[in-house]
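Below: one structure, written as C-alpha cells.
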Amino acid sequence: MESVARGGTRWKRFAVVMVPSVAATAAIGVALSQGALAASFSVSGQQFKVTADQLDGTGFVQYGAMDSGKSGNHPVAVVGMESAKITNLCQSVVVPVPVFGDISMVLKAGGKGSPRVEAKKLYIDADDLRANATFTNVDIGVSVDRTTKGPGPAKGDKYVPDSFAQQADKVRFTDVKQRAWATTAGTFKLSGLGMSVKKGKHECY
C-alpha cells in the first residue's frame, strides 16, 4: 500500500491524518501548563531550516510531542526513522548577535559528486514541513506507544501516552523544506561536508 502527498504544503496539507497529531500537541501544552508532564528536553532559542532534494527512510514513525527551553514550550511533530539517506542536504541557522547583527551558519553535505548523507535512529522535531511524500505500507491512527515499524518514541520525548501516531515501512520525501527545533541521530555520516559562517541572513530557503 502506498500513500502519496504532493506539492509544496505546510503540515495542515501535508497529510490530513496530521490533524489529530496537532490536537495531540495542543493537549500536551495543556498538560505541561498544569504540571502533568515535566518538560525536560531543552532546545535552543533558535529554529533552523533544512532542505534536501530527497530523503529515503526505512522504519518510519510520526507523532506529536513538546520541546521546551528558555524560549518556552514548542509543540512539534516528531518524525523518527530507523535509517535514512539524504541527497543534497542544507541546514541553516541564523543567530542574532547584539550590536553586530545576524550571523548565519550554513552546513551542506551529500551534494553533487558526493555520497548521500546517512543517518541511523534519526529524529526530527519540526513545526513546518513542505515536501512531496510517498509512504509504503502505512498505518494511520496507531497508538504512539504501540508503534512497531519505526524506532518508537525518542527517549525523553514528552507526549500524551497512547496518543495518535502514524507509521510506515518506508517513506520517500522529495523537494524537502522544513523548519525544526531539534534533530538527533544515533549516527550521522556527512559526506562532502562544507560549513560557512556569514554576516546577515543566508538561509537554505
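Naming scheme: A, B, ... for chains in displayed order of the C-alpha cells; residues 1 onward per chain; ligands 1 onward as shown.
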Mind running range 143-181 of chain A against range 82-105 of chain A at 12 Å and telling me each contacting residue's nearest atom pair with the distance in Å (one decimal), counting only C-alpha atoms, chain and number ascending, as CSV?
residue,atom,partner,partner_atom,distance
A:Thr148,CA,A:Glu82,CA,11.1
A:Lys149,CA,A:Glu82,CA,8.6
A:Gly150,CA,A:Glu82,CA,5.8
A:Pro151,CA,A:Glu82,CA,5.5
A:Gly152,CA,A:Glu82,CA,9.1
A:Pro153,CA,A:Glu82,CA,11.5
A:Ala154,CA,A:Glu82,CA,11.4
A:Gln167,CA,A:Glu82,CA,11.5
A:Ala168,CA,A:Glu82,CA,11.0
A:Asp169,CA,A:Glu82,CA,9.9
A:Lys170,CA,A:Ala84,CA,9.7
A:Val171,CA,A:Ala84,CA,9.3
A:Arg172,CA,A:Ala84,CA,9.5
A:Phe173,CA,A:Ile86,CA,9.4
A:Thr174,CA,A:Thr87,CA,9.3
A:Asp175,CA,A:Thr87,CA,10.0
A:Val176,CA,A:Leu89,CA,9.4
A:Lys177,CA,A:Cys90,CA,9.6
A:Gln178,CA,A:Gln91,CA,9.7
A:Arg179,CA,A:Gln91,CA,9.7
A:Ala180,CA,A:Val93,CA,10.1
A:Trp181,CA,A:Val93,CA,10.4
So that I have them on file, write out the residues from the current selection with N, CA, C and O atoms, as a short mmCIF file (atom, residue, chain, number, x, y, z; two decimals), in the first residue's frame.
data_model
loop_
_atom_site.label_atom_id
_atom_site.label_comp_id
_atom_site.auth_asym_id
_atom_site.auth_seq_id
_atom_site.Cartn_x
_atom_site.Cartn_y
_atom_site.Cartn_z
N THR A 148 5.38 -0.21 15.76
CA THR A 148 6.30 -1.34 15.59
C THR A 148 7.22 -1.18 14.38
O THR A 148 8.22 -1.88 14.27
N LYS A 149 6.91 -0.26 13.48
CA LYS A 149 7.69 -0.17 12.23
C LYS A 149 8.86 0.79 12.33
O LYS A 149 9.79 0.70 11.54
N GLY A 150 8.80 1.73 13.25
CA GLY A 150 9.87 2.70 13.39
C GLY A 150 10.63 2.51 14.68
O GLY A 150 10.45 1.50 15.38
N PRO A 151 11.47 3.48 15.05
CA PRO A 151 12.27 3.36 16.27
C PRO A 151 11.48 3.62 17.55
O PRO A 151 12.02 3.48 18.64
N GLY A 152 10.19 3.99 17.42
CA GLY A 152 9.39 4.30 18.60
C GLY A 152 9.70 5.69 19.11
O GLY A 152 10.57 6.38 18.59
N PRO A 153 8.98 6.14 20.13
CA PRO A 153 9.22 7.48 20.68
C PRO A 153 10.66 7.63 21.16
O PRO A 153 11.23 6.70 21.75
N ALA A 154 11.23 8.80 20.92
CA ALA A 154 12.60 9.05 21.36
C ALA A 154 12.66 9.13 22.88
O ALA A 154 11.73 9.61 23.53
N GLN A 167 2.70 5.26 11.14
CA GLN A 167 3.94 4.56 10.88
C GLN A 167 3.91 3.96 9.48
O GLN A 167 2.84 3.80 8.88
N ALA A 168 5.09 3.64 8.96
CA ALA A 168 5.19 3.06 7.62
C ALA A 168 6.49 2.27 7.51
O ALA A 168 7.46 2.57 8.21
N ASP A 169 6.49 1.29 6.62
CA ASP A 169 7.71 0.53 6.38
C ASP A 169 8.79 1.42 5.77
O ASP A 169 9.96 1.36 6.16
N LYS A 170 8.36 2.24 4.79
CA LYS A 170 9.30 3.12 4.10
C LYS A 170 8.63 4.46 3.82
O LYS A 170 7.41 4.55 3.74
N VAL A 171 9.46 5.48 3.62
CA VAL A 171 8.95 6.79 3.22
C VAL A 171 9.96 7.44 2.29
O VAL A 171 11.18 7.22 2.43
N ARG A 172 9.45 8.18 1.32
CA ARG A 172 10.31 8.99 0.46
C ARG A 172 9.78 10.41 0.42
O ARG A 172 8.61 10.64 0.09
N PHE A 173 10.63 11.37 0.80
CA PHE A 173 10.32 12.79 0.69
C PHE A 173 11.19 13.38 -0.41
O PHE A 173 12.40 13.11 -0.46
N THR A 174 10.61 14.19 -1.27
CA THR A 174 11.38 14.91 -2.26
C THR A 174 11.07 16.40 -2.17
O THR A 174 10.00 16.79 -1.70
N ASP A 175 12.02 17.21 -2.61
CA ASP A 175 11.91 18.67 -2.55
C ASP A 175 11.52 19.10 -1.14
O ASP A 175 10.51 19.78 -0.92
N VAL A 176 12.33 18.72 -0.18
CA VAL A 176 12.03 18.92 1.24
C VAL A 176 12.44 20.32 1.70
O VAL A 176 13.56 20.78 1.44
N LYS A 177 11.53 20.98 2.40
CA LYS A 177 11.81 22.25 3.09
C LYS A 177 11.16 22.15 4.46
O LYS A 177 9.95 21.95 4.56
N GLN A 178 11.95 22.26 5.52
CA GLN A 178 11.38 22.13 6.85
C GLN A 178 12.04 23.09 7.83
O GLN A 178 13.17 23.53 7.66
N ARG A 179 11.26 23.42 8.87
CA ARG A 179 11.74 24.26 9.97
C ARG A 179 11.64 23.42 11.24
O ARG A 179 10.60 22.85 11.54
N ALA A 180 12.75 23.33 11.97
CA ALA A 180 12.80 22.41 13.10
C ALA A 180 13.42 23.06 14.33
O ALA A 180 14.11 24.08 14.24
N TRP A 181 13.14 22.43 15.47
CA TRP A 181 13.74 22.85 16.73
C TRP A 181 14.89 21.94 17.13
O TRP A 181 15.79 22.35 17.86
#
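Minimum distance to Val160 in chain A across A:Gly192, A:Gly80, A:Gly186, A:Pro75 (counting only C-alpha atoms) occurs at A:Pro75.
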Strand (DSSP E) call set, DSSP backbone run, range 15-180 of chain A, as a PyMOL selection string: chain A and resi 48-69+72-87+89-97+101-109+117-143+164-180
Selection from above, C-alpha atoms, as a JSON list (two decimals), in the first residue's frame, can you write it?
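Contents of result_28.json, as written:
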[["chain", "number", "residue", "atom", "x", "y", "z"],
["A", 48, "PHE", "CA", 16.83, 26.10, 11.99],
["A", 49, "LYS", "CA", 15.88, 25.37, 8.40],
["A", 50, "VAL", "CA", 16.68, 22.26, 6.40],
["A", 51, "THR", "CA", 16.32, 21.44, 2.72],
["A", 52, "ALA", "CA", 17.04, 18.26, 0.78],
["A", 53, "ASP", "CA", 16.47, 17.09, -2.76],
["A", 54, "GLN", "CA", 15.43, 13.65, -1.49],
["A", 55, "LEU", "CA", 15.16, 11.69, 1.74],
["A", 56, "ASP", "CA", 14.62, 7.91, 1.76],
["A", 57, "GLY", "CA", 13.76, 6.46, 5.15],
["A", 58, "THR", "CA", 13.03, 2.98, 6.49],
["A", 59, "GLY", "CA", 11.10, 2.25, 9.67],
["A", 60, "PHE", "CA", 9.09, 5.49, 9.82],
["A", 61, "VAL", "CA", 7.04, 6.83, 12.75],
["A", 62, "GLN", "CA", 5.43, 10.23, 13.35],
["A", 63, "TYR", "CA", 3.77, 11.61, 16.50],
["A", 64, "GLY", "CA", 3.13, 14.84, 18.41],
["A", 65, "ALA", "CA", 5.42, 15.95, 21.22],
["A", 66, "MET", "CA", 6.65, 19.01, 23.09],
["A", 67, "ASP", "CA", 10.14, 20.54, 23.05],
["A", 68, "SER", "CA", 10.99, 23.11, 25.69],
["A", 69, "GLY", "CA", 13.73, 25.55, 26.58],
["A", 72, "GLY", "CA", 9.24, 28.46, 26.03],
["A", 73, "ASN", "CA", 7.39, 25.28, 25.06],
["A", 74, "HIS", "CA", 7.18, 24.32, 21.40],
["A", 75, "PRO", "CA", 4.66, 21.75, 20.05],
["A", 76, "VAL", "CA", 6.27, 19.70, 17.31],
["A", 77, "ALA", "CA", 5.57, 16.79, 15.01],
["A", 78, "VAL", "CA", 8.36, 14.28, 15.54],
["A", 79, "VAL", "CA", 9.50, 12.20, 12.58],
["A", 80, "GLY", "CA", 11.53, 9.13, 13.55],
["A", 81, "MET", "CA", 13.32, 6.75, 11.19],
["A", 82, "GLU", "CA", 15.41, 3.66, 11.77],
["A", 83, "SER", "CA", 17.65, 4.75, 8.91],
["A", 84, "ALA", "CA", 17.69, 7.49, 6.30],
["A", 85, "LYS", "CA", 19.65, 8.50, 3.21],
["A", 86, "ILE", "CA", 19.58, 12.16, 2.21],
["A", 87, "THR", "CA", 20.58, 13.83, -1.06],
["A", 89, "LEU", "CA", 21.34, 18.36, 2.47],
["A", 90, "CYS", "CA", 21.40, 22.01, 3.56],
["A", 91, "GLN", "CA", 20.98, 23.17, 7.16],
["A", 92, "SER", "CA", 21.00, 26.81, 8.24],
["A", 93, "VAL", "CA", 20.54, 28.73, 11.46],
["A", 94, "VAL", "CA", 20.52, 32.49, 11.99],
["A", 95, "VAL", "CA", 21.87, 33.70, 15.33],
["A", 96, "PRO", "CA", 21.21, 37.33, 16.32],
["A", 97, "VAL", "CA", 24.32, 38.87, 17.91],
["A", 101, "GLY", "CA", 23.73, 41.80, 13.86],
["A", 102, "ASP", "CA", 22.63, 38.45, 12.40],
["A", 103, "ILE", "CA", 25.15, 35.67, 11.83],
["A", 104, "SER", "CA", 24.24, 32.74, 9.57],
["A", 105, "MET", "CA", 25.76, 29.28, 9.91],
["A", 106, "VAL", "CA", 25.15, 27.06, 6.88],
["A", 107, "LEU", "CA", 26.05, 23.38, 6.58],
["A", 108, "LYS", "CA", 25.88, 21.44, 3.32],
["A", 109, "ALA", "CA", 26.59, 17.77, 2.55],
["A", 117, "VAL", "CA", 24.18, 11.66, 3.83],
["A", 118, "GLU", "CA", 23.37, 8.64, 6.00],
["A", 119, "ALA", "CA", 21.71, 8.59, 9.42],
["A", 120, "LYS", "CA", 20.54, 5.89, 11.83],
["A", 121, "LYS", "CA", 17.94, 6.31, 14.59],
["A", 122, "LEU", "CA", 17.10, 9.74, 13.18],
["A", 123, "TYR", "CA", 14.56, 12.02, 14.92],
["A", 124, "ILE", "CA", 13.45, 15.41, 13.58],
["A", 125, "ASP", "CA", 11.33, 17.73, 15.75],
["A", 126, "ALA", "CA", 9.65, 20.07, 13.24],
["A", 127, "ASP", "CA", 6.77, 22.53, 13.23],
["A", 128, "ASP", "CA", 6.67, 23.15, 9.49],
["A", 129, "LEU", "CA", 7.29, 20.83, 6.54],
["A", 130, "ARG", "CA", 6.85, 21.18, 2.79],
["A", 131, "ALA", "CA", 7.55, 18.17, 0.59],
["A", 132, "ASN", "CA", 6.26, 15.53, -1.77],
["A", 133, "ALA", "CA", 5.81, 12.30, 0.19],
["A", 134, "THR", "CA", 5.29, 8.63, -0.59],
["A", 135, "PHE", "CA", 4.55, 6.14, 2.23],
["A", 136, "THR", "CA", 4.82, 2.35, 1.82],
["A", 137, "ASN", "CA", 2.59, 0.12, 3.98],
["A", 138, "VAL", "CA", 1.35, 2.98, 6.13],
["A", 139, "ASP", "CA", -0.67, 2.61, 9.34],
["A", 140, "ILE", "CA", -2.61, 5.73, 10.36],
["A", 141, "GLY", "CA", -4.02, 6.25, 13.85],
["A", 142, "VAL", "CA", -1.87, 3.73, 15.71],
["A", 143, "SER", "CA", -1.04, 4.43, 19.38],
["A", 164, "PHE", "CA", -2.19, 9.46, 17.74],
["A", 165, "ALA", "CA", 0.70, 8.33, 15.56],
["A", 166, "GLN", "CA", 1.32, 7.00, 12.09],
["A", 167, "GLN", "CA", 3.94, 4.56, 10.88],
["A", 168, "ALA", "CA", 5.19, 3.06, 7.62],
["A", 169, "ASP", "CA", 7.71, 0.53, 6.38],
["A", 170, "LYS", "CA", 9.30, 3.12, 4.10],
["A", 171, "VAL", "CA", 8.95, 6.79, 3.22],
["A", 172, "ARG", "CA", 10.31, 8.99, 0.46],
["A", 173, "PHE", "CA", 10.32, 12.79, 0.69],
["A", 174, "THR", "CA", 11.38, 14.91, -2.26],
["A", 175, "ASP", "CA", 11.91, 18.67, -2.55],
["A", 176, "VAL", "CA", 12.03, 18.92, 1.24],
["A", 177, "LYS", "CA", 11.81, 22.25, 3.09],
["A", 178, "GLN", "CA", 11.38, 22.13, 6.85],
["A", 179, "ARG", "CA", 11.74, 24.26, 9.97],
["A", 180, "ALA", "CA", 12.80, 22.41, 13.10]]
